[in-house]
file protein09.cif (mmCIF, C-alpha atoms, pLDDT in the B column; chains and numbers go by the auth columns)
data_input
loop_
_atom_site.group_PDB
_atom_site.id
_atom_site.type_symbol
_atom_site.label_atom_id
_atom_site.label_comp_id
_atom_site.label_asym_id
_atom_site.label_seq_id
_atom_site.Cartn_x
_atom_site.Cartn_y
_atom_site.Cartn_z
_atom_site.B_iso_or_equiv
_atom_site.auth_seq_id
_atom_site.auth_asym_id
ATOM 1 C CA MET A 1 -106.324 -123.202 -165.539 57.00 28 A
ATOM 2 C CA THR A 2 -105.306 -119.699 -166.584 65.00 29 A
ATOM 3 C CA PRO A 3 -101.709 -118.915 -167.612 75.00 30 A
ATOM 4 C CA ARG A 4 -99.316 -117.936 -164.861 82.00 31 A
ATOM 5 C CA LEU A 5 -98.212 -114.335 -164.662 88.00 32 A
ATOM 6 C CA THR A 6 -94.656 -113.250 -164.024 91.00 33 A
ATOM 7 C CA VAL A 7 -93.515 -112.293 -160.534 93.00 34 A
ATOM 8 C CA ASP A 8 -93.173 -108.658 -161.598 93.00 35 A
ATOM 9 C CA GLU A 9 -96.746 -108.616 -162.925 93.00 36 A
ATOM 10 C CA ILE A 10 -98.028 -110.072 -159.665 93.00 37 A
ATOM 11 C CA ARG A 11 -96.108 -107.488 -157.642 94.00 38 A
ATOM 12 C CA GLU A 12 -97.563 -104.708 -159.761 93.00 39 A
ATOM 13 C CA ARG A 13 -101.138 -105.953 -159.422 92.00 40 A
ATOM 14 C CA THR A 14 -101.224 -107.225 -155.834 93.00 41 A
ATOM 15 C CA TYR A 15 -98.841 -105.186 -153.711 92.00 42 A
ATOM 16 C CA LYS A 16 -100.474 -102.467 -151.634 90.00 43 A
ATOM 17 C CA ARG A 17 -99.162 -98.966 -152.148 90.00 44 A
ATOM 18 C CA ARG A 18 -98.366 -98.858 -148.425 92.00 45 A
ATOM 19 C CA ASP A 19 -98.075 -101.737 -146.015 94.00 46 A
ATOM 20 C CA SER A 20 -96.548 -102.700 -142.676 94.00 47 A
ATOM 21 C CA TRP A 21 -92.801 -103.221 -142.579 95.00 48 A
ATOM 22 C CA TRP A 22 -93.345 -106.786 -141.352 96.00 49 A
ATOM 23 C CA THR A 23 -95.425 -107.543 -144.452 96.00 50 A
ATOM 24 C CA VAL A 24 -93.113 -105.722 -146.868 95.00 51 A
ATOM 25 C CA TRP A 25 -89.924 -107.343 -145.632 95.00 52 A
ATOM 26 C CA LEU A 26 -90.979 -110.714 -144.244 95.00 53 A
ATOM 27 C CA VAL A 27 -94.177 -111.753 -146.014 96.00 54 A
ATOM 28 C CA ASP A 28 -94.450 -110.248 -149.502 96.00 55 A
ATOM 29 C CA PRO A 29 -91.147 -111.726 -150.803 95.00 56 A
ATOM 30 C CA VAL A 30 -92.566 -115.203 -150.083 96.00 57 A
ATOM 31 C CA ALA A 31 -96.233 -114.479 -150.805 96.00 58 A
ATOM 32 C CA VAL A 32 -95.589 -113.263 -154.349 95.00 59 A
ATOM 33 C CA HIS A 33 -94.211 -116.669 -155.337 95.00 60 A
ATOM 34 C CA VAL A 34 -97.031 -118.540 -153.607 96.00 61 A
ATOM 35 C CA VAL A 35 -99.574 -116.345 -155.392 95.00 62 A
ATOM 36 C CA ARG A 36 -97.919 -117.109 -158.724 93.00 63 A
ATOM 37 C CA LEU A 37 -98.242 -120.809 -157.965 93.00 64 A
ATOM 38 C CA ILE A 38 -101.878 -120.869 -156.819 94.00 65 A
ATOM 39 C CA ALA A 39 -103.500 -117.987 -158.726 90.00 66 A
ATOM 40 C CA PRO A 40 -104.292 -119.985 -161.901 89.00 67 A
ATOM 41 C CA TRP A 41 -106.391 -122.463 -159.906 90.00 68 A
ATOM 42 C CA ARG A 42 -109.881 -120.938 -159.793 85.00 69 A
ATOM 43 C CA TRP A 43 -110.961 -123.088 -156.863 89.00 70 A
ATOM 44 C CA VAL A 44 -108.449 -121.148 -154.744 91.00 71 A
ATOM 45 C CA THR A 45 -110.729 -118.309 -153.638 93.00 72 A
ATOM 46 C CA PRO A 46 -110.140 -115.532 -151.096 93.00 73 A
ATOM 47 C CA ASN A 47 -112.839 -116.908 -148.768 94.00 74 A
ATOM 48 C CA ARG A 48 -111.306 -120.378 -148.774 95.00 75 A
ATOM 49 C CA LEU A 49 -107.920 -118.886 -148.016 96.00 76 A
ATOM 50 C CA SER A 50 -109.474 -116.939 -145.128 95.00 77 A
ATOM 51 C CA LEU A 51 -110.895 -120.197 -143.767 96.00 78 A
ATOM 52 C CA LEU A 52 -107.524 -121.905 -144.187 97.00 79 A
ATOM 53 C CA ALA A 53 -105.760 -119.049 -142.394 97.00 80 A
ATOM 54 C CA PHE A 54 -108.224 -119.331 -139.526 97.00 81 A
ATOM 55 C CA GLY A 55 -107.630 -123.084 -139.358 97.00 82 A
ATOM 56 C CA ALA A 56 -103.871 -122.497 -139.158 98.00 83 A
ATOM 57 C CA GLY A 57 -104.540 -119.983 -136.386 98.00 84 A
ATOM 58 C CA LEU A 58 -106.502 -122.626 -134.460 98.00 85 A
ATOM 59 C CA GLY A 59 -103.534 -124.954 -134.884 98.00 86 A
ATOM 60 C CA ALA A 60 -101.213 -122.262 -133.527 98.00 87 A
ATOM 61 C CA ALA A 61 -103.485 -121.759 -130.501 98.00 88 A
ATOM 62 C CA ALA A 62 -103.494 -125.515 -129.830 98.00 89 A
ATOM 63 C CA CYS A 63 -99.701 -125.612 -129.976 98.00 90 A
ATOM 64 C CA PHE A 64 -99.458 -122.642 -127.622 98.00 91 A
ATOM 65 C CA TRP A 65 -101.821 -124.325 -125.159 98.00 92 A
ATOM 66 C CA ALA A 66 -99.758 -127.518 -125.268 98.00 93 A
ATOM 67 C CA GLY A 67 -96.567 -125.570 -124.592 97.00 94 A
ATOM 68 C CA TRP A 68 -95.108 -126.077 -128.072 98.00 95 A
ATOM 69 C CA LEU A 69 -94.242 -122.417 -128.409 98.00 96 A
ATOM 70 C CA ILE A 70 -91.955 -122.604 -131.445 98.00 97 A
ATOM 71 C CA ALA A 71 -94.458 -124.690 -133.404 98.00 98 A
ATOM 72 C CA GLY A 72 -97.217 -122.288 -132.406 98.00 99 A
ATOM 73 C CA ALA A 73 -95.170 -119.270 -133.502 98.00 100 A
ATOM 74 C CA LEU A 74 -94.403 -120.812 -136.890 98.00 101 A
ATOM 75 C CA LEU A 75 -98.028 -121.794 -137.431 98.00 102 A
ATOM 76 C CA PHE A 76 -99.186 -118.302 -136.477 98.00 103 A
ATOM 77 C CA HIS A 77 -96.877 -116.797 -139.071 98.00 104 A
ATOM 78 C CA VAL A 78 -98.097 -119.285 -141.677 98.00 105 A
ATOM 79 C CA ALA A 79 -101.652 -118.240 -140.810 97.00 106 A
ATOM 80 C CA PHE A 80 -100.708 -114.601 -141.373 97.00 107 A
ATOM 81 C CA LEU A 81 -99.024 -115.454 -144.678 97.00 108 A
ATOM 82 C CA ILE A 82 -102.181 -117.229 -145.879 97.00 109 A
ATOM 83 C CA ASP A 83 -104.267 -114.311 -144.636 95.00 110 A
ATOM 84 C CA CYS A 84 -102.189 -111.998 -146.835 95.00 111 A
ATOM 85 C CA LEU A 85 -102.716 -114.298 -149.807 95.00 112 A
ATOM 86 C CA ASP A 86 -106.498 -113.906 -149.801 92.00 113 A
ATOM 87 C CA GLY A 87 -106.312 -110.182 -150.502 91.00 114 A
ATOM 88 C CA LYS A 88 -103.672 -110.644 -153.190 94.00 115 A
ATOM 89 C CA ILE A 89 -105.709 -113.344 -154.937 93.00 116 A
ATOM 90 C CA ALA A 90 -108.796 -111.127 -154.740 91.00 117 A
ATOM 91 C CA ARG A 91 -106.963 -108.203 -156.356 90.00 118 A
ATOM 92 C CA LEU A 92 -105.284 -110.384 -158.969 89.00 119 A
ATOM 93 C CA ASN A 93 -108.276 -112.455 -160.078 86.00 120 A
ATOM 94 C CA GLY A 94 -111.064 -110.037 -159.253 85.00 121 A
ATOM 95 C CA THR A 95 -112.671 -112.631 -156.986 83.00 122 A
ATOM 96 C CA GLY A 96 -113.089 -110.494 -153.895 82.00 123 A
ATOM 97 C CA SER A 97 -116.485 -109.778 -152.350 89.00 124 A
ATOM 98 C CA VAL A 98 -118.022 -107.515 -149.731 90.00 125 A
ATOM 99 C CA PHE A 99 -118.805 -110.578 -147.602 92.00 126 A
ATOM 100 C CA GLY A 100 -115.198 -111.677 -147.966 90.00 127 A
ATOM 101 C CA VAL A 101 -114.006 -108.387 -146.451 90.00 128 A
ATOM 102 C CA TRP A 102 -116.234 -109.022 -143.429 93.00 129 A
ATOM 103 C CA LEU A 103 -115.124 -112.655 -143.164 93.00 130 A
ATOM 104 C CA ASP A 104 -111.453 -111.755 -143.284 91.00 131 A
ATOM 105 C CA TYR A 105 -111.868 -109.053 -140.644 90.00 132 A
ATOM 106 C CA ILE A 106 -113.816 -111.266 -138.231 94.00 133 A
ATOM 107 C CA PHE A 107 -111.419 -114.194 -138.578 95.00 134 A
ATOM 108 C CA ASP A 108 -108.448 -111.902 -137.961 94.00 135 A
ATOM 109 C CA ARG A 109 -109.909 -110.704 -134.685 94.00 136 A
ATOM 110 C CA LEU A 110 -110.993 -114.188 -133.606 96.00 137 A
ATOM 111 C CA ARG A 111 -107.523 -115.533 -134.368 97.00 138 A
ATOM 112 C CA VAL A 112 -105.956 -113.028 -131.998 97.00 139 A
ATOM 113 C CA VAL A 113 -108.416 -113.838 -129.196 97.00 140 A
ATOM 114 C CA ILE A 114 -108.063 -117.612 -129.586 98.00 141 A
ATOM 115 C CA CYS A 115 -104.265 -117.487 -129.820 98.00 142 A
ATOM 116 C CA ALA A 116 -104.109 -115.213 -126.773 98.00 143 A
ATOM 117 C CA LEU A 117 -106.157 -117.776 -124.850 97.00 144 A
ATOM 118 C CA GLY A 118 -103.909 -120.547 -126.120 98.00 145 A
ATOM 119 C CA LEU A 119 -100.596 -118.820 -125.404 98.00 146 A
ATOM 120 C CA PHE A 120 -101.297 -117.104 -122.103 98.00 147 A
ATOM 121 C CA GLY A 121 -103.921 -119.565 -120.893 98.00 148 A
ATOM 122 C CA GLY A 122 -101.537 -122.442 -121.471 98.00 149 A
ATOM 123 C CA GLN A 123 -98.817 -120.722 -119.482 98.00 150 A
ATOM 124 C CA TRP A 124 -101.257 -119.928 -116.688 98.00 151 A
ATOM 125 C CA GLN A 125 -102.393 -123.561 -116.582 97.00 152 A
ATOM 126 C CA ARG A 126 -98.800 -124.698 -116.136 96.00 153 A
ATOM 127 C CA THR A 127 -97.648 -122.044 -113.652 96.00 154 A
ATOM 128 C CA GLY A 128 -100.772 -120.759 -111.919 97.00 155 A
ATOM 129 C CA ASP A 129 -99.298 -117.256 -112.164 97.00 156 A
ATOM 130 C CA PRO A 130 -102.112 -114.682 -112.635 97.00 157 A
ATOM 131 C CA LEU A 131 -99.694 -112.526 -114.655 97.00 158 A
ATOM 132 C CA TRP A 132 -100.573 -114.632 -117.695 98.00 159 A
ATOM 133 C CA ILE A 133 -104.278 -113.890 -117.322 97.00 160 A
ATOM 134 C CA GLY A 134 -103.507 -110.184 -117.133 98.00 161 A
ATOM 135 C CA LEU A 135 -101.351 -110.345 -120.253 98.00 162 A
ATOM 136 C CA ALA A 136 -104.089 -112.187 -122.148 98.00 163 A
ATOM 137 C CA GLY A 137 -106.590 -109.480 -121.251 97.00 164 A
ATOM 138 C CA LEU A 138 -104.113 -106.759 -122.210 98.00 165 A
ATOM 139 C CA VAL A 139 -103.412 -108.275 -125.626 98.00 166 A
ATOM 140 C CA VAL A 140 -107.090 -108.767 -126.463 97.00 167 A
ATOM 141 C CA PHE A 141 -107.980 -105.261 -125.263 97.00 168 A
ATOM 142 C CA LEU A 142 -105.203 -103.537 -127.224 97.00 169 A
ATOM 143 C CA ASP A 143 -105.965 -105.466 -130.397 96.00 170 A
ATOM 144 C CA LEU A 144 -109.643 -104.556 -130.121 94.00 171 A
ATOM 145 C CA PHE A 145 -108.862 -100.908 -129.341 95.00 172 A
ATOM 146 C CA ARG A 146 -106.419 -100.655 -132.241 94.00 173 A
ATOM 147 C CA TYR A 147 -108.933 -101.795 -134.831 90.00 174 A
ATOM 148 C CA LEU A 148 -111.888 -99.906 -133.401 92.00 175 A
ATOM 149 C CA ASN A 149 -109.733 -96.785 -133.315 93.00 176 A
ATOM 150 C CA ALA A 150 -108.714 -97.282 -136.948 91.00 177 A
ATOM 151 C CA LEU A 151 -112.324 -97.707 -138.040 91.00 178 A
ATOM 152 C CA GLN A 152 -113.472 -94.564 -136.240 93.00 179 A
ATOM 153 C CA MET A 153 -110.531 -92.525 -137.514 91.00 180 A
ATOM 154 C CA GLY A 154 -111.423 -93.602 -141.028 88.00 181 A
ATOM 155 C CA LYS A 155 -114.976 -92.357 -140.507 90.00 182 A
ATOM 156 C CA ILE A 156 -113.720 -88.985 -139.276 88.00 183 A
ATOM 157 C CA ARG A 157 -111.460 -88.588 -142.316 83.00 184 A
ATOM 158 C CA GLU A 158 -114.337 -89.477 -144.638 84.00 185 A
ATOM 159 C CA LEU A 159 -116.514 -86.966 -142.815 84.00 186 A
ATOM 160 C CA MET A 160 -113.972 -84.206 -143.357 80.00 187 A
ATOM 161 C CA ARG A 161 -113.513 -85.111 -147.021 78.00 188 A
ATOM 162 C CA GLY A 162 -117.258 -85.166 -147.634 72.00 189 A
ATOM 163 C CA ASP A 163 -118.053 -81.911 -145.854 65.00 190 A
ATOM 164 C CA GLY A 164 -117.729 -79.552 -148.790 58.00 191 A
ATOM 165 C CA PRO A 165 -114.416 -78.093 -150.063 56.00 192 A
ATOM 166 C CA GLU A 166 -111.541 -79.346 -147.941 55.00 193 A
ATOM 167 C CA PRO A 167 -108.966 -76.823 -146.667 55.00 194 A
ATOM 168 C CA ALA A 168 -105.675 -76.984 -148.511 54.00 195 A
ATOM 169 C CA ASP A 169 -103.464 -78.334 -145.728 60.00 196 A
ATOM 170 C CA VAL A 170 -104.960 -79.834 -142.589 61.00 197 A
ATOM 171 C CA HIS A 171 -101.739 -81.592 -141.575 60.00 198 A
ATOM 172 C CA GLY A 172 -99.502 -78.544 -141.483 61.00 199 A
ATOM 173 C CA ASP A 173 -99.698 -78.122 -137.718 64.00 200 A
ATOM 174 C CA PHE A 174 -98.669 -81.726 -137.133 63.00 201 A
ATOM 175 C CA ARG A 175 -95.749 -81.492 -139.589 62.00 202 A
ATOM 176 C CA ALA A 176 -94.567 -78.279 -137.938 64.00 203 A
ATOM 177 C CA ARG A 177 -94.413 -80.010 -134.552 65.00 204 A
ATOM 178 C CA PHE A 178 -92.949 -83.280 -135.804 65.00 205 A
ATOM 179 C CA GLY A 179 -90.538 -82.354 -138.584 63.00 206 A
ATOM 180 C CA LEU A 180 -88.307 -85.362 -137.961 62.00 207 A
ATOM 181 C CA PHE A 181 -91.319 -87.667 -138.218 65.00 208 A
ATOM 182 C CA GLY A 182 -92.156 -86.112 -141.577 64.00 209 A
ATOM 183 C CA ARG A 183 -88.683 -86.819 -142.928 70.00 210 A
ATOM 184 C CA ALA A 184 -88.797 -90.386 -141.669 77.00 211 A
ATOM 185 C CA ARG A 185 -92.252 -90.762 -143.223 74.00 212 A
ATOM 186 C CA GLY A 186 -90.889 -89.814 -146.628 78.00 213 A
ATOM 187 C CA PHE A 187 -88.180 -92.469 -146.373 82.00 214 A
ATOM 188 C CA LEU A 188 -90.670 -95.135 -145.305 86.00 215 A
ATOM 189 C CA LEU A 189 -93.181 -94.349 -148.039 82.00 216 A
ATOM 190 C CA ALA A 190 -90.395 -94.498 -150.627 85.00 217 A
ATOM 191 C CA HIS A 191 -89.928 -98.110 -149.557 86.00 218 A
ATOM 192 C CA ARG A 192 -93.687 -98.861 -149.552 92.00 219 A
ATOM 193 C CA ILE A 193 -93.787 -98.910 -145.733 92.00 220 A
ATOM 194 C CA ARG A 194 -96.535 -96.961 -144.019 89.00 221 A
ATOM 195 C CA ALA A 195 -95.614 -94.357 -141.450 84.00 222 A
ATOM 196 C CA HIS A 196 -97.588 -96.138 -138.719 85.00 223 A
ATOM 197 C CA VAL A 197 -94.488 -98.181 -137.915 90.00 224 A
ATOM 198 C CA PHE A 198 -95.922 -100.224 -135.067 95.00 225 A
ATOM 199 C CA SER A 199 -99.417 -101.250 -136.067 94.00 226 A
ATOM 200 C CA GLY A 200 -101.663 -104.179 -135.198 94.00 227 A
ATOM 201 C CA ILE A 201 -99.612 -106.437 -137.457 96.00 228 A
ATOM 202 C CA GLU A 202 -96.321 -105.775 -135.683 97.00 229 A
ATOM 203 C CA PHE A 203 -98.131 -106.100 -132.371 98.00 230 A
ATOM 204 C CA MET A 204 -99.371 -109.585 -133.267 98.00 231 A
ATOM 205 C CA MET A 205 -95.976 -110.668 -134.546 98.00 232 A
ATOM 206 C CA PHE A 206 -94.137 -109.515 -131.439 98.00 233 A
ATOM 207 C CA VAL A 207 -96.627 -111.295 -129.172 98.00 234 A
ATOM 208 C CA PHE A 208 -97.325 -114.495 -131.117 98.00 235 A
ATOM 209 C CA VAL A 209 -94.138 -114.993 -133.146 98.00 236 A
ATOM 210 C CA LEU A 210 -91.068 -113.295 -131.669 98.00 237 A
ATOM 211 C CA GLY A 211 -92.004 -113.897 -128.042 98.00 238 A
ATOM 212 C CA PRO A 212 -92.668 -117.653 -128.391 98.00 239 A
ATOM 213 C CA LEU A 213 -89.720 -118.182 -130.751 98.00 240 A
ATOM 214 C CA THR A 214 -87.262 -116.649 -128.296 98.00 241 A
ATOM 215 C CA GLY A 215 -88.940 -117.898 -125.128 97.00 242 A
ATOM 216 C CA LEU A 216 -89.288 -114.263 -124.029 98.00 243 A
ATOM 217 C CA VAL A 217 -93.069 -114.073 -124.148 98.00 244 A
ATOM 218 C CA VAL A 218 -93.468 -111.599 -121.301 98.00 245 A
ATOM 219 C CA PRO A 219 -90.793 -109.075 -122.421 98.00 246 A
ATOM 220 C CA PHE A 220 -91.971 -109.080 -126.038 98.00 247 A
ATOM 221 C CA THR A 221 -95.600 -108.721 -124.984 98.00 248 A
ATOM 222 C CA VAL A 222 -94.807 -105.778 -122.713 98.00 249 A
ATOM 223 C CA VAL A 223 -92.667 -104.064 -125.361 98.00 250 A
ATOM 224 C CA ALA A 224 -95.363 -104.648 -127.981 98.00 251 A
ATOM 225 C CA ALA A 225 -98.034 -103.209 -125.697 98.00 252 A
ATOM 226 C CA VAL A 226 -95.976 -100.092 -124.965 98.00 253 A
ATOM 227 C CA LEU A 227 -95.108 -99.483 -128.614 97.00 254 A
ATOM 228 C CA LEU A 228 -98.655 -100.039 -129.878 97.00 255 A
ATOM 229 C CA THR A 229 -100.055 -97.726 -127.212 97.00 256 A
ATOM 230 C CA ALA A 230 -97.478 -95.048 -128.037 96.00 257 A
ATOM 231 C CA PHE A 231 -98.244 -95.117 -131.748 93.00 258 A
ATOM 232 C CA GLU A 232 -101.991 -95.138 -131.179 96.00 259 A
ATOM 233 C CA LEU A 233 -101.659 -92.098 -128.918 95.00 260 A
ATOM 234 C CA LEU A 234 -99.565 -90.399 -131.607 90.00 261 A
ATOM 235 C CA LEU A 235 -102.299 -91.116 -134.169 90.00 262 A
ATOM 236 C CA ILE A 236 -104.948 -89.741 -131.826 93.00 263 A
ATOM 237 C CA TYR A 237 -102.883 -86.602 -131.235 90.00 264 A
ATOM 238 C CA LYS A 238 -102.397 -86.195 -134.987 86.00 265 A
ATOM 239 C CA LEU A 239 -106.137 -86.591 -135.529 89.00 266 A
ATOM 240 C CA TRP A 240 -106.852 -83.967 -132.868 90.00 267 A
ATOM 241 C CA LEU A 241 -104.455 -81.486 -134.488 85.00 268 A
ATOM 242 C CA THR A 242 -105.878 -82.261 -137.918 84.00 269 A
ATOM 243 C CA THR A 243 -109.494 -81.756 -136.853 85.00 270 A
ATOM 244 C CA ARG A 244 -108.579 -78.552 -135.037 83.00 271 A
ATOM 245 C CA THR A 245 -106.800 -77.184 -138.099 81.00 272 A
ATOM 246 C CA TYR A 246 -109.629 -78.373 -140.327 80.00 273 A
ATOM 247 C CA SER A 247 -112.270 -76.583 -138.239 80.00 274 A
ATOM 248 C CA ALA A 248 -110.283 -73.358 -138.101 77.00 275 A
ATOM 249 C CA GLU A 249 -109.580 -73.300 -141.841 74.00 276 A
ATOM 250 C CA LYS A 250 -113.163 -74.279 -142.610 75.00 277 A
ATOM 251 C CA GLU A 251 -114.445 -71.326 -140.632 75.00 278 A
ATOM 252 C CA ALA A 252 -112.005 -69.042 -142.444 71.00 279 A
ATOM 253 C CA LEU A 253 -113.272 -70.303 -145.806 70.00 280 A
ATOM 254 C CA ILE A 254 -116.859 -69.648 -144.749 70.00 281 A
ATOM 255 C CA ARG A 255 -116.065 -66.087 -143.626 71.00 282 A
ATOM 256 C CA THR A 256 -114.437 -65.312 -146.974 65.00 283 A
#

call {"tool": "encode", "arguments": {"input": "protein09.cif", "output": "structure tokens"}}
result
Amino acid sequence: MTPRLTVDEIRERTYKRRDSWWTVWLVDPVAVHVVRLIAPWRWVTPNRLSLLAFGAGLGAAACFWAGWLIAGALLFHVAFLIDCLDGKIARLNGTGSVFGVWLDYIFDRLRVVICALGLFGGQWQRTGDPLWIGLAGLVVFLDLFRYLNALQMGKIRELMRGDGPEPADVHGDFRARFGLFGRARGFLLAHRIRAHVFSGIEFMMFVFVLGPLTGLVVPFTVVAAVLLTAFELLLIYKLWLTTRTYSAEKEALIRT
């Protein structure tokens, strides 16, 4: 067993430069102490933690199906906490792998689908109200769209970075139109919170944690869907402005 590091050392080596506000405020303060406890044990690997997180997600789905909403919500959050641990252990111990990245991604998406079936399918079984089937489809669709959109946006950014000299400022048009957003972004980044305030993580937590905990599953799901859609549309609009500015400045560079 390797010596345990201090909490400050673990923060320095495992915290992401930017993360969701849910993770920064509600997960990292607990996860850092759990990482300190388990990191010296070499049999605790990122892939095993991913499997454990998926198992906890299955338990959450079973609780949702049975109507034990509070237990399901707590288990879902535990699953997310464990899911955060695998990346921290990988960064701390250097035990990450390319396959592990794939495994973590697939299990994350499967956990959302299975928990949606458990939560909304269980409510539909008890009430017969087709609203629950519609909400299940909405949650699965938005989660899938969010992550596919993020992947494709990442490819577009890489394409622009790899296409010769990049223009000096491709985000100027967006900042000019959304000055208030820029100021808020600076505040968020100073606190290690990414500017994409309502991401897939917050979406999952509203649907599978806050909704079941409060008994307000439908309102929280609807609010989460609206907020996620709004922020995804904002990202798409920003990407459109960025690519437009990029193309115009690229042409100007070529002409000169």

call {"tool": "resolve_selection", "arguments": {"input": "protein09.cif", "expression": "the PyMOL selection byres ((chain A and resi 103) around 12)", "output": "PyMOL selection string"}}
result
chain A and resi 79-91+96-102+104-110+135+138-139+141-143+145-146+228+231-240

call {"tool": "atom_distance", "arguments": {"input": "protein09.cif", "atom1": "CA of Leu261 in chain A", "atom2": "CA of Lys182 in chain A"}}
result
17.9 Å

call {"tool": "residues_around", "arguments": {"input": "protein09.cif", "residues": "range 167-175 of chain A", "least_positions_apart": "4", "cutoff": "10 Å", "atoms": "only C-alpha atoms", "output": "MDAnalysis selection string"}}
result
chainID A and resid 132 136:137 139:144 162:163 179:181 226:228 230:231 251:252 255:256 258:259

call {"tool": "residues_around", "arguments": {"input": "protein09.cif", "residues": "Arg118 in chain A", "least_positions_apart": "2", "cutoff": "10 Å", "atoms": "only C-alpha atoms", "output": "list of chain:residue names"}}
result
A:Ile37, A:Arg40, A:Thr41, A:Tyr42, A:Lys43, A:Pro73, A:Leu112, A:Asp113, A:Gly114, A:Lys115, A:Ile116, A:Asn120, A:Gly121, A:Thr122, A:Gly123

call {"tool": "closest_atom_pairs", "arguments": {"input": "protein09.cif", "of": "range 209-283 of chain A", "to": "range 150-157 of chain A", "cutoff": "12 Å", "atoms": "all atoms listed in the file", "output": "JSON lines"}}
result
{"residue": "A:Pro239", "atom": "CA", "partner": "A:Gln150", "partner_atom": "CA", "distance": 11.3}
{"residue": "A:Gly242", "atom": "CA", "partner": "A:Gln150", "partner_atom": "CA", "distance": 11.7}
{"residue": "A:Val244", "atom": "CA", "partner": "A:Gln150", "partner_atom": "CA", "distance": 10.0}
{"residue": "A:Val245", "atom": "CA", "partner": "A:Gln150", "partner_atom": "CA", "distance": 10.7}

call {"tool": "write_last_selection", "arguments": {"input": "protein09.cif", "atoms": "C-alpha atoms", "output": "mmCIF file, in the frame of the given file"}}
result
data_model
loop_
_atom_site.group_PDB
_atom_site.id
_atom_site.type_symbol
_atom_site.label_atom_id
_atom_site.label_comp_id
_atom_site.auth_asym_id
_atom_site.auth_seq_id
_atom_site.Cartn_x
_atom_site.Cartn_y
_atom_site.Cartn_z
ATOM 1 C CA PRO A 239 -92.668 -117.653 -128.391
ATOM 2 C CA GLY A 242 -88.940 -117.898 -125.128
ATOM 3 C CA VAL A 244 -93.069 -114.073 -124.148
ATOM 4 C CA VAL A 245 -93.468 -111.599 -121.301
#

call {"tool": "atom_distance", "arguments": {"input": "protein09.cif", "atom1": "CA of Trp267 in chain A", "atom2": "CA of Phe214 in chain A"}}
result
24.6 Å

call {"tool": "closest_residue", "arguments": {"input": "protein09.cif", "among": "A:Glu276, A:Arg31, A:Ala93, A:Arg45", "to": "Arg212 in chain A", "atoms": "only C-alpha atoms"}}
result
A:Arg45

call {"tool": "residues_near_point", "arguments": {"input": "protein09.cif", "point": "(-103.0, -119.5, -157.8)", "cutoff": "12 Å", "atoms": "all atoms listed in the file", "output": "PyMOL selection string"}}
result
chain A and resi 28-32+37+58-73+76+112-113+115-117+119-120+122

call {"tool": "residues_around", "arguments": {"input": "protein09.cif", "residues": "Arg44 in chain A", "least_positions_apart": "4", "cutoff": "9 Å", "atoms": "only C-alpha atoms", "output": "list in words"}}
result
Leu216, Arg219, Ile220 and Arg221 of chain A

call {"tool": "residues_around", "arguments": {"input": "protein09.cif", "residues": "Leu215 in chain A", "least_positions_apart": "6", "cutoff": "9 Å", "atoms": "only C-alpha atoms", "output": "list in words"}}
result
Trp48, Arg221, Ala222 and Val224 of chain A

call {"tool": "axis_aligned_box", "arguments": {"input": "protein09.cif", "around": "range 58-75 of chain A", "padding_each_side": "4 Å", "output": "AutoDock Vina command-line options"}}
result
--center_x -103.5 --center_y -118.2 --center_z -155.3 --size_x 26.6 --size_y 17.8 --size_z 21.1

call {"tool": "atom_distance", "arguments": {"input": "protein09.cif", "atom1": "CA of Asn176 in chain A", "atom2": "CA of Tyr264 in chain A"}}
result
12.4 Å

call {"tool": "closest_residue", "arguments": {"input": "protein09.cif", "among": "A:Asp55, A:Asp46, A:Glu39, A:Asp131", "to": "Ser77 in chain A", "atoms": "only C-alpha atoms"}}
result
A:Asp131
